[in-house]
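Data from target.csv: CSV, C-alpha atoms and all ligand atoms
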chain,number,residue,atom,x,y,z
A,1,GLY,CA,17.8,-41.8,-2.5
A,2,PRO,CA,20.6,-44.3,-2.1
A,3,GLU,CA,23.2,-41.6,-1.3
A,4,ILE,CA,21.3,-40.7,1.8
A,5,VAL,CA,21.4,-44.3,3.0
A,6,VAL,CA,25.2,-44.2,2.7
A,7,ILE,CA,25.8,-40.8,4.3
A,8,LYS,CA,23.2,-40.9,7.1
A,9,PRO,CA,25.1,-43.3,9.4
A,10,LEU,CA,28.0,-40.8,9.4
A,11,GLY,CA,25.7,-38.2,10.9
A,12,ASP,CA,24.1,-40.7,13.2
A,13,VAL,CA,27.4,-41.6,14.7
A,14,PHE,CA,27.8,-38.0,15.7
A,15,LEU,CA,24.3,-37.8,17.2
A,16,ARG,CA,24.8,-40.9,19.3
A,17,LEU,CA,28.2,-39.7,20.6
A,18,LEU,CA,26.6,-36.4,21.6
A,19,LYS,CA,23.8,-38.1,23.4
A,20,MET,CA,26.3,-40.5,25.1
A,21,ILE,CA,28.2,-37.6,26.7
A,22,VAL,CA,25.3,-35.5,28.0
A,23,VAL,CA,24.6,-37.3,31.3
A,24,PRO,CA,28.2,-37.6,32.5
A,25,VAL,CA,29.2,-34.1,31.5
A,26,VAL,CA,26.2,-32.5,33.2
A,27,MET,CA,26.6,-34.5,36.3
A,28,PHE,CA,30.3,-34.0,36.9
A,29,THR,CA,30.3,-30.3,35.8
A,30,LEU,CA,27.5,-29.5,38.3
A,31,ILE,CA,29.0,-31.5,41.1
A,32,VAL,CA,32.3,-29.7,40.7
A,33,GLY,CA,30.6,-26.3,40.2
A,34,ALA,CA,28.4,-26.6,43.2
A,35,SER,CA,31.3,-27.9,45.5
A,36,SER,CA,33.7,-25.2,44.3
A,37,ILE,CA,31.9,-22.4,46.1
A,38,SER,CA,33.0,-22.5,49.7
A,39,PRO,CA,30.1,-22.0,52.2
A,40,SER,CA,32.0,-19.1,53.9
A,41,LYS,CA,32.6,-17.2,50.6
A,42,MET,CA,28.8,-17.4,50.1
A,43,GLY,CA,28.6,-14.4,52.3
A,44,LYS,CA,27.2,-11.0,51.3
A,45,ILE,CA,29.1,-10.8,48.0
A,46,GLY,CA,28.2,-14.4,47.1
A,47,ILE,CA,24.6,-13.8,47.7
A,48,LYS,CA,24.6,-10.6,45.6
A,49,VAL,CA,26.3,-12.3,42.7
A,50,ILE,CA,24.0,-15.3,42.8
A,51,VAL,CA,21.0,-13.1,42.9
A,52,TYR,CA,22.3,-11.1,39.9
A,53,TYR,CA,23.1,-14.3,38.0
A,54,LEU,CA,19.6,-15.8,38.6
A,55,PHE,CA,17.8,-12.5,37.9
A,56,THR,CA,19.5,-12.0,34.6
A,57,SER,CA,19.0,-15.7,33.7
A,58,LEU,CA,15.3,-15.4,34.1
A,59,PHE,CA,15.2,-12.3,31.9
A,60,ALA,CA,17.3,-14.2,29.3
A,61,VAL,CA,14.8,-17.0,29.1
A,62,VAL,CA,11.8,-14.6,28.9
A,63,ILE,CA,13.5,-12.5,26.2
A,64,GLY,CA,14.4,-15.6,24.2
A,65,LEU,CA,10.9,-17.0,24.3
A,66,ILE,CA,9.3,-13.7,23.4
A,67,VAL,CA,11.6,-13.1,20.4
A,68,SER,CA,11.0,-16.7,19.3
A,69,SER,CA,7.2,-16.2,19.3
A,70,LEU,CA,7.5,-12.8,17.5
A,71,PHE,CA,9.6,-14.5,14.8
A,72,GLY,CA,7.6,-17.7,14.9
A,73,VAL,CA,10.9,-19.5,14.6
A,74,GLY,CA,10.6,-22.8,12.8
A,75,ARG,CA,6.9,-22.2,12.0
A,76,ASN,CA,7.4,-21.1,8.4
A,77,LEU,CA,8.5,-24.6,7.4
A,78,GLY,CA,7.6,-28.1,8.6
A,79,ILE,CA,10.0,-30.9,8.2
A,80,ASP,CA,9.0,-33.3,5.4
A,81,ASN,CA,9.3,-36.5,7.2
A,82,PRO,CA,11.2,-38.9,5.0
A,83,ASN,CA,10.5,-42.1,6.9
A,84,HIS,CA,6.9,-41.2,7.6
A,85,ASN,CA,7.5,-41.6,11.3
A,86,PRO,CA,4.4,-40.5,13.1
A,87,VAL,CA,4.9,-36.8,13.9
A,88,VAL,CA,5.5,-36.4,17.6
A,89,THR,CA,2.4,-37.3,19.5
A,90,VAL,CA,0.7,-34.6,21.6
A,91,THR,CA,1.4,-35.4,25.1
A,92,GLU,CA,-1.0,-34.0,27.7
A,93,GLY,CA,1.8,-33.4,30.1
A,94,PRO,CA,1.6,-33.8,33.9
A,95,SER,CA,0.0,-31.1,36.1
A,96,PHE,CA,1.9,-28.1,37.2
A,97,SER,CA,2.6,-29.4,40.7
A,98,ASP,CA,3.6,-32.8,39.4
A,99,THR,CA,6.0,-31.1,37.1
A,100,PHE,CA,7.7,-29.5,40.2
A,101,LEU,CA,7.5,-32.7,42.2
A,102,ASN,CA,9.1,-34.7,39.4
A,103,ILE,CA,12.3,-32.7,39.7
A,104,ILE,CA,13.0,-34.6,42.9
A,105,PRO,CA,14.1,-38.2,42.1
A,106,THR,CA,12.9,-41.0,44.3
A,107,ASN,CA,15.8,-43.0,43.1
A,108,PRO,CA,18.8,-40.9,41.9
A,109,PHE,CA,20.4,-44.0,40.2
A,110,GLU,CA,17.3,-44.7,38.2
A,111,ALA,CA,17.3,-41.0,37.2
A,112,LEU,CA,20.9,-41.5,36.0
A,113,SER,CA,20.2,-44.6,34.0
A,114,SER,CA,17.1,-43.4,32.4
A,115,GLY,CA,18.7,-40.0,31.7
A,116,ASN,CA,16.1,-37.9,33.5
A,117,ILE,CA,18.0,-34.6,33.2
A,118,LEU,CA,16.1,-32.4,35.7
A,119,GLN,CA,16.3,-35.1,38.4
A,120,ILE,CA,20.0,-35.6,37.6
A,121,ILE,CA,20.6,-31.8,37.9
A,122,PHE,CA,18.7,-31.6,41.2
A,123,PHE,CA,20.7,-34.5,42.7
A,124,ALA,CA,24.1,-33.3,41.4
A,125,ILE,CA,23.6,-29.8,42.9
A,126,LEU,CA,22.6,-31.3,46.3
A,127,PHE,CA,25.5,-33.7,46.2
A,128,GLY,CA,27.9,-30.8,45.2
A,129,ILE,CA,26.7,-28.6,48.1
A,130,GLY,CA,27.1,-31.5,50.5
A,131,LEU,CA,30.6,-32.1,49.2
A,132,SER,CA,31.4,-28.4,49.6
A,133,VAL,CA,30.3,-28.5,53.2
A,134,VAL,CA,32.4,-31.6,54.1
A,135,ARG,CA,35.3,-30.1,52.3
A,136,HIS,CA,35.2,-27.3,54.9
A,137,SER,CA,34.6,-29.6,57.9
A,138,GLU,CA,36.2,-29.0,61.2
A,139,ASP,CA,37.6,-32.5,61.2
A,140,LYS,CA,40.9,-32.6,59.3
A,141,LYS,CA,40.5,-36.2,58.2
A,142,ILE,CA,37.1,-35.6,56.7
A,143,ARG,CA,38.4,-32.5,55.0
A,144,GLU,CA,41.2,-34.4,53.4
A,145,SER,CA,39.1,-37.3,52.2
A,146,ALA,CA,36.5,-34.8,50.9
A,147,ASN,CA,39.2,-33.1,48.9
A,148,ILE,CA,40.3,-36.4,47.4
A,149,VAL,CA,36.7,-37.0,46.3
A,150,PHE,CA,36.5,-33.5,44.9
A,151,ASN,CA,39.7,-34.0,43.0
A,152,ILE,CA,38.4,-37.2,41.6
A,153,PHE,CA,35.2,-35.6,40.4
A,154,GLU,CA,37.2,-32.7,38.9
A,155,LEU,CA,39.4,-35.1,37.1
A,156,CYS,CA,36.3,-37.0,35.8
A,157,SER,CA,34.9,-33.8,34.5
A,158,GLU,CA,38.3,-33.1,32.8
A,159,ILE,CA,38.2,-36.5,31.2
A,160,PHE,CA,34.7,-36.1,29.9
A,161,PHE,CA,35.7,-32.7,28.4
A,162,LYS,CA,38.6,-34.5,26.6
A,163,ILE,CA,36.0,-36.8,25.2
A,164,VAL,CA,33.8,-33.9,24.2
A,165,TYR,CA,36.8,-32.4,22.5
A,166,TRP,CA,37.3,-35.6,20.5
A,167,ILE,CA,33.7,-35.8,19.5
A,168,LEU,CA,33.9,-32.2,18.3
A,169,GLU,CA,36.9,-33.2,16.2
A,170,TYR,CA,34.6,-35.5,14.4
A,171,ALA,CA,31.9,-32.8,14.2
A,172,PRO,CA,32.9,-31.5,10.7
A,173,ILE,CA,32.2,-34.9,9.1
A,174,GLY,CA,29.1,-35.5,11.3
A,175,VAL,CA,27.7,-32.1,10.6
A,176,PHE,CA,28.4,-32.4,6.9
A,177,ALA,CA,26.6,-35.7,6.7
A,178,LEU,CA,23.7,-34.4,8.6
A,179,ILE,CA,23.4,-31.2,6.6
A,180,ALA,CA,23.7,-33.2,3.4
A,181,VAL,CA,20.7,-35.3,4.5
A,182,VAL,CA,18.8,-32.2,5.4
A,183,PHE,CA,19.3,-30.6,2.0
A,184,GLY,CA,18.8,-33.9,0.3
A,185,THR,CA,15.4,-34.5,1.8
A,186,GLN,CA,14.2,-31.0,2.4
A,187,GLY,CA,15.7,-29.0,-0.4
A,188,VAL,CA,17.3,-25.5,-0.1
A,189,LYS,CA,14.2,-24.0,1.4
A,190,VAL,CA,15.8,-24.8,4.8
A,191,LEU,CA,18.3,-22.1,4.3
A,192,ASN,CA,15.5,-19.6,5.0
A,193,SER,CA,14.7,-21.2,8.4
A,194,MET,CA,18.4,-21.3,9.3
A,195,LEU,CA,18.8,-17.7,8.5
A,196,SER,CA,15.7,-16.6,10.4
A,197,VAL,CA,16.6,-18.5,13.5
A,198,THR,CA,20.1,-16.9,13.4
A,199,VAL,CA,18.6,-13.4,13.1
A,200,ALA,CA,16.1,-14.1,15.9
A,201,ILE,CA,18.8,-15.3,18.3
A,202,TYR,CA,21.0,-12.3,17.5
A,203,ILE,CA,18.1,-9.9,18.1
A,204,ALA,CA,17.4,-11.6,21.4
A,205,PHE,CA,21.1,-11.1,22.3
A,206,LEU,CA,20.9,-7.5,21.4
A,207,ALA,CA,17.7,-7.0,23.3
A,208,HIS,CA,19.1,-8.7,26.4
A,209,THR,CA,22.3,-6.5,26.3
A,210,ILE,CA,20.4,-3.3,26.0
A,211,LEU,CA,17.5,-4.0,28.3
A,212,VAL,CA,19.2,-6.0,31.0
A,213,TYR,CA,22.9,-5.2,31.1
A,214,PHE,CA,22.8,-1.5,30.0
A,215,GLY,CA,19.7,-1.0,32.1
A,216,LEU,CA,21.3,-2.4,35.2
A,217,LEU,CA,24.5,-0.5,34.6
A,218,SER,CA,22.6,2.8,34.3
A,219,LEU,CA,20.6,1.9,37.4
A,220,PHE,CA,23.9,1.7,39.3
A,221,LYS,CA,25.1,4.9,37.7
A,222,ILE,CA,27.8,3.3,35.6
A,223,ASN,CA,28.5,5.1,32.3
A,224,VAL,CA,27.5,2.5,29.6
A,225,SER,CA,29.7,3.8,26.8
A,226,ALA,CA,32.7,3.7,29.2
A,227,PHE,CA,31.8,0.2,30.1
A,228,ILE,CA,31.7,-0.9,26.4
A,229,LYS,CA,35.1,0.8,25.8
A,230,LYS,CA,36.7,-0.8,28.8
A,231,SER,CA,35.4,-4.3,28.2
A,232,LYS,CA,36.1,-4.3,24.5
A,233,GLU,CA,39.1,-6.5,24.7
A,234,ALA,CA,37.3,-9.2,26.7
A,235,ILE,CA,34.3,-9.1,24.3
A,236,ILE,CA,36.4,-9.5,21.2
A,237,THR,CA,38.3,-12.4,22.8
A,238,ALA,CA,35.0,-14.1,23.7
A,239,PHE,CA,33.9,-13.7,20.1
A,240,VAL,CA,36.9,-15.2,18.5
A,241,THR,CA,37.7,-18.0,21.1
A,242,ARG,CA,34.0,-18.9,21.7
A,243,SER,CA,35.1,-19.8,25.2
A,244,SER,CA,34.2,-18.1,28.4
A,245,SER,CA,36.8,-20.0,30.3
A,246,GLY,CA,39.4,-19.1,27.7
A,247,THR,CA,38.4,-15.5,28.0
A,248,LEU,CA,38.7,-15.5,31.8
A,249,PRO,CA,42.3,-14.2,32.0
A,250,VAL,CA,41.4,-11.3,29.7
A,251,SER,CA,38.2,-10.5,31.7
A,252,MET,CA,40.3,-10.4,34.9
A,253,ASP,CA,42.9,-8.2,33.3
A,254,VAL,CA,40.2,-5.8,32.1
A,255,SER,CA,38.6,-5.7,35.5
A,256,GLU,CA,41.8,-4.9,37.2
A,257,LYS,CA,43.5,-2.5,34.8
A,258,GLU,CA,40.6,-0.9,32.8
A,259,MET,CA,37.8,-0.9,35.3
A,260,GLY,CA,39.7,-0.5,38.6
A,261,ILE,CA,37.8,-3.2,40.4
A,262,SER,CA,39.2,-4.7,43.6
A,263,LYS,CA,40.6,-8.2,43.3
A,264,SER,CA,38.6,-9.4,46.2
A,265,ILE,CA,35.5,-8.9,44.0
A,266,TYR,CA,36.5,-10.1,40.6
A,267,SER,CA,38.6,-13.1,41.8
A,268,PHE,CA,35.3,-14.5,43.0
A,269,THR,CA,32.6,-13.2,40.6
A,270,LEU,CA,34.5,-13.8,37.3
A,271,PRO,CA,35.4,-17.5,37.7
A,272,VAL,CA,32.0,-18.3,39.2
A,273,GLY,CA,30.4,-16.3,36.3
A,274,ALA,CA,32.4,-18.1,33.7
A,275,THR,CA,31.2,-21.4,35.1
A,276,ILE,CA,27.6,-20.8,35.9
A,277,ASN,CA,26.4,-17.5,34.4
A,278,MET,CA,25.5,-18.0,30.7
A,279,ASP,CA,22.7,-15.8,29.5
A,280,GLY,CA,23.7,-16.2,25.9
A,281,THR,CA,23.5,-19.9,26.2
A,282,ILE,CA,20.1,-19.7,27.9
A,283,ILE,CA,18.7,-17.6,25.0
A,284,TYR,CA,20.2,-20.0,22.5
A,285,LEU,CA,18.8,-23.0,24.2
A,286,GLY,CA,15.3,-21.5,24.5
A,287,VAL,CA,15.1,-20.2,20.9
A,288,CYS,CA,16.5,-23.4,19.4
A,289,ALA,CA,14.3,-25.7,21.5
A,290,LEU,CA,11.2,-23.8,20.2
A,291,PHE,CA,12.6,-23.8,16.7
A,292,ILE,CA,13.0,-27.5,16.6
A,293,ALA,CA,9.7,-28.2,18.4
A,294,ASN,CA,7.9,-26.0,15.8
A,295,MET,CA,9.8,-27.6,13.0
A,296,VAL,CA,8.7,-31.1,14.0
A,297,GLY,CA,5.2,-30.0,14.7
A,298,LEU,CA,5.1,-30.5,18.4
A,299,ASP,CA,2.0,-28.9,20.0
A,300,LEU,CA,3.5,-26.8,22.7
A,301,THR,CA,1.6,-26.8,26.0
A,302,TYR,CA,2.4,-24.8,29.2
A,303,PHE,CA,4.2,-28.0,30.4
A,304,HIS,CA,6.6,-27.7,27.5
A,305,TYR,CA,7.3,-24.0,28.1
A,306,PHE,CA,7.8,-24.5,31.8
A,307,THR,CA,10.2,-27.4,31.1
A,308,ILE,CA,12.1,-25.3,28.6
A,309,ILE,CA,12.4,-22.4,31.0
A,310,VAL,CA,13.6,-24.5,34.0
A,311,VAL,CA,15.9,-26.8,32.0
A,312,SER,CA,17.5,-24.0,30.0
A,313,VAL,CA,18.4,-22.1,33.1
A,314,LEU,CA,19.8,-25.2,34.8
A,315,ALA,CA,21.5,-26.4,31.7
A,316,SER,CA,23.3,-23.1,31.3
A,317,ILE,CA,24.7,-23.6,34.8
A,318,GLY,CA,26.0,-27.1,33.7
A,319,THR,CA,27.4,-25.7,30.5
A,320,ALA,CA,31.2,-25.5,30.5
A,321,GLY,CA,32.7,-22.3,29.1
A,322,VAL,CA,34.2,-24.0,26.1
A,323,PRO,CA,33.3,-23.8,22.4
A,324,SER,CA,30.1,-25.5,21.3
A,325,ALA,CA,29.3,-26.7,24.9
A,326,GLY,CA,25.8,-25.4,24.5
A,327,LEU,CA,25.2,-27.7,21.6
A,328,ILE,CA,25.4,-30.7,23.9
A,329,MET,CA,23.0,-29.0,26.4
A,330,LEU,CA,20.5,-28.5,23.6
A,331,VAL,CA,20.3,-32.3,23.3
A,332,MET,CA,19.3,-32.4,26.9
A,333,VAL,CA,16.7,-29.7,26.6
A,334,LEU,CA,15.2,-31.5,23.7
A,335,ASN,CA,15.1,-34.8,25.6
A,336,SER,CA,13.3,-33.0,28.5
A,337,ILE,CA,10.4,-32.1,26.2
A,338,GLY,CA,10.2,-35.6,24.8
A,339,LEU,CA,12.1,-34.9,21.6
A,340,ASP,CA,14.7,-37.6,20.9
A,341,MET,CA,16.9,-37.2,17.8
A,342,ASN,CA,18.1,-40.8,18.0
A,343,THR,CA,14.6,-42.2,17.5
A,344,ASP,CA,12.9,-39.4,15.6
A,345,VAL,CA,14.3,-38.6,12.2
A,346,SER,CA,12.6,-35.2,12.0
A,347,VAL,CA,14.2,-34.1,15.3
A,348,SER,CA,17.6,-35.1,14.0
A,349,LEU,CA,17.1,-33.2,10.8
A,350,ALA,CA,16.0,-30.0,12.7
A,351,TYR,CA,18.9,-30.4,15.1
A,352,ALA,CA,21.3,-30.8,12.1
A,353,MET,CA,20.2,-27.3,10.9
A,354,ILE,CA,21.3,-25.8,14.3
A,355,LEU,CA,24.5,-27.8,14.1
A,356,GLY,CA,25.3,-26.2,10.8
A,357,ILE,CA,25.2,-22.7,12.2
A,358,ASP,CA,26.6,-23.4,15.6
A,359,ALA,CA,29.8,-21.6,15.1
A,360,ILE,CA,28.0,-18.4,14.3
A,361,LEU,CA,25.6,-18.7,17.2
A,362,ASP,CA,28.4,-19.6,19.6
A,363,MET,CA,30.4,-16.4,18.9
A,364,GLY,CA,27.4,-14.3,19.9
A,365,ARG,CA,26.4,-16.3,22.9
A,366,THR,CA,29.9,-16.4,24.3
A,367,CYS,CA,30.1,-12.6,24.0
A,368,LEU,CA,26.9,-12.3,25.9
A,369,ASN,CA,28.0,-14.7,28.5
A,370,VAL,CA,31.2,-12.7,29.1
A,371,THR,CA,29.4,-9.4,29.0
A,372,GLY,CA,27.0,-10.7,31.7
A,373,ASP,CA,29.9,-11.7,34.0
A,374,LEU,CA,31.6,-8.3,33.6
A,375,THR,CA,28.3,-6.4,34.2
A,376,GLY,CA,27.7,-8.4,37.3
A,377,THR,CA,31.2,-7.8,38.5
A,378,VAL,CA,31.0,-4.0,38.0
A,379,ILE,CA,27.6,-3.8,39.7
A,380,VAL,CA,28.7,-5.8,42.7
A,381,ALA,CA,31.9,-3.8,42.9
A,382,ALA,CA,30.0,-0.5,42.7
A,383,SER,CA,27.5,-1.6,45.4
A,384,GLU,CA,30.4,-2.6,47.7
A,385,ASP,CA,32.3,0.6,46.9
A,386,GLU,CA,35.2,-1.6,45.6
A,387,ILE,CA,35.7,0.3,42.3
A,388,ASN,CA,38.0,3.1,41.4
A,389,LYS,CA,35.7,5.9,40.5
A,390,ASP,CA,38.5,8.1,39.1
A,391,ILE,CA,39.1,5.6,36.3
A,392,TRP,CA,35.5,5.9,35.3
A,393,ALA,CA,35.3,9.7,35.6
A,394,GLN,CA,37.9,10.3,32.8
A,401,LIG,N1,30.9,-21.3,24.1
A,401,LIG,C1,30.1,-20.9,25.2
A,401,LIG,C2,31.0,-20.2,26.3
A,401,LIG,O1,32.1,-20.6,26.5
A,401,LIG,C3,29.3,-21.9,25.9
A,401,LIG,C4,28.3,-22.4,24.9
A,401,LIG,O2,28.6,-23.2,24.0
A,401,LIG,O3,27.1,-22.1,25.0
A,401,LIG,O4,30.5,-19.4,27.0

Turn this file's structure into structure tokens for me.
Ligand code: ASP
Amino acid sequence: GPEIVVIKPLGDVFLRLLKMIVVPVVMFTLIVGASSISPSKMGKIGIKVIVYYLFTSLFAVVIGLIVSSLFGVGRNLGIDNPNHNPVVTVTEGPSFSDTFLNIIPTNPFEALSSGNILQIIFFAILFGIGLSVVRHSEDKKIRESANIVFNIFELCSEIFFKIVYWILEYAPIGVFALIAVVFGTQGVKVLNSMLSVTVAIYIAFLAHTILVYFGLLSLFKINVSAFIKKSKEAIITAFVTRSSSGTLPVSMDVSEKEMGISKSIYSFTLPVGATINMDGTIIYLGVCALFIANMVGLDLTYFHYFTIIVVSVLASIGTAGVPSAGLIMLVMVLNSIGLDMNTDVSVSLAYAMILGIDAILDMGRTCLNVTGDLTGTVIVAASEDEINKDIWAQ
């Protein structure tokens, strides 16, 4: 109807702003993240933590995908396509080895301008590692120049987060407009899909907590109920602030006072974890990508699954620990499987449904992100004998 014509541009402004910010945010966050870890700190503890973070990430992806399939998220309802755009065409997808090879850009600048996310991630991480090595060079002059470059990148990343913050200030209007279009064109039946995707995601969060975190804690002979009691304050903070970075001071305090973990461990594992370890975000990205793909009737091939797995894990590394950051990463995951909300109306409608419930999903995923960091910290501390056993025995 005519109302939709009036209100739709308000939502489209929001979608375009989100898309605009993806490439710079991912690039700068990853470069800063990768160059923050000093090569010397990457010793035994570094390797243990990274292995833990990767291991739990892979579990998160798998749990997310399994729960999505069990729930058939987004399958119960297709989008009625208002503009009769052709439904996404079934792409054959390149072969498995090509998919891998395609991660390496032959021209990184072309990757940047065409927005090829996997290639951008690959290049940004390499560049970040390179920067971290020259920052620790023997040559004082090189070291100093490298630090200037690092500071500039860190500043750019700050600037882009300011912009993200402004975009999110506009979010209420944008989300309202988008949701109005969804209800206007699809009717209230979409409420069901929004509810079922929320339930599916929370079940995946719960499954991941019990199977992976509690499982690992038990494996390392840590009392699970004591762990819950001791981390309570950090978990509640994560839930209400929806920010891993914002929760960092509380997690550190909890590790020191409640858990009796040595500072040499948590001063490294927690900040790194708050930056790169986000199992909640991975689960959210995987389930939502499948939800939207199913909604718009995309025929999922192994190529799509592979891409979702790889991109979700990498995207979670590039997600900042601030509220709603995962929402921007979802744009990127969608693009990587060929879904573009700026050109395909059904994709933007399905994305709008996720936007409408983001606050609820963000609370849960931030809790999971923080719980994951604390679990990793406790496990590494226990394996290094850097934990006060008496505190845990009471
Ligand atoms: N809010 C989450 C966090 O800070 C990130 C996200 O939006 O997924 O951990």

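Using only C-alpha atoms and all ligand atoms, the smallest distance between any of A:Asp279, A:Asp299, A:Asp385, A:Asp344 and ligand LIG 401 (chain A) comes from A:Asp279.
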
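The environment of segment 357-360 of chain A within 8 Å, counting all atoms listed in the file and disregarding residues fewer than 5 places along the same chain, consists of Met194, Thr198, Ser324 and Leu327 of chain A.
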
Do you have, as a Markdown table, the list of residues of segment 311-381 of chain A lying at most 7 Å from segment 161-183 of chain A, each with its nearest atom pair and that distance in Å to one decimal, counting all atoms listed in the file and ordered by chain then number?
| residue | atom | partner | partner_atom | distance |
| --- | --- | --- | --- | --- |
| A:Leu349 | CA | A:Val182 | CA | 5.7 |
| A:Ala352 | CA | A:Leu178 | CA | 5.6 |
| A:Met353 | CA | A:Ile179 | CA | 6.6 |
| A:Leu355 | CA | A:Val175 | CA | 6.4 |
| A:Gly356 | CA | A:Val175 | CA | 6.4 |

Could the residues in this selection be saved with C-alpha atoms as a CSV table (one decimal), keeping the file's coordinate frame?
chain,number,residue,atom,x,y,z
A,349,LEU,CA,17.1,-33.2,10.8
A,352,ALA,CA,21.3,-30.8,12.1
A,353,MET,CA,20.2,-27.3,10.9
A,355,LEU,CA,24.5,-27.8,14.1
A,356,GLY,CA,25.3,-26.2,10.8

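Relative to atom O1 of ligand LIG 401 (chain A), atom CA of Ala274 of chain A is found at 7.6 Å.
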
(message) Can you tell me which residues surround Lys263 of chain A at a distance of at most 9 Å, considering only C-alpha atoms, apart from same-chain residues fewer than 5 positions away, and format the answer as a ChimeraX atom specification?
(response) /A:252,255-256,268,386

Could you write those residues out with C-alpha atoms, as a PDB file, in the frame of the given file?
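Saved file out.pdb follows:
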ATOM      1  CA  MET A 252      40.300 -10.400  34.900  1.00  0.00           C
ATOM      2  CA  SER A 255      38.600  -5.700  35.500  1.00  0.00           C
ATOM      3  CA  GLU A 256      41.800  -4.900  37.200  1.00  0.00           C
ATOM      4  CA  PHE A 268      35.300 -14.500  43.000  1.00  0.00           C
ATOM      5  CA  GLU A 386      35.200  -1.600  45.600  1.00  0.00           C
TER       6      GLU A 386
END
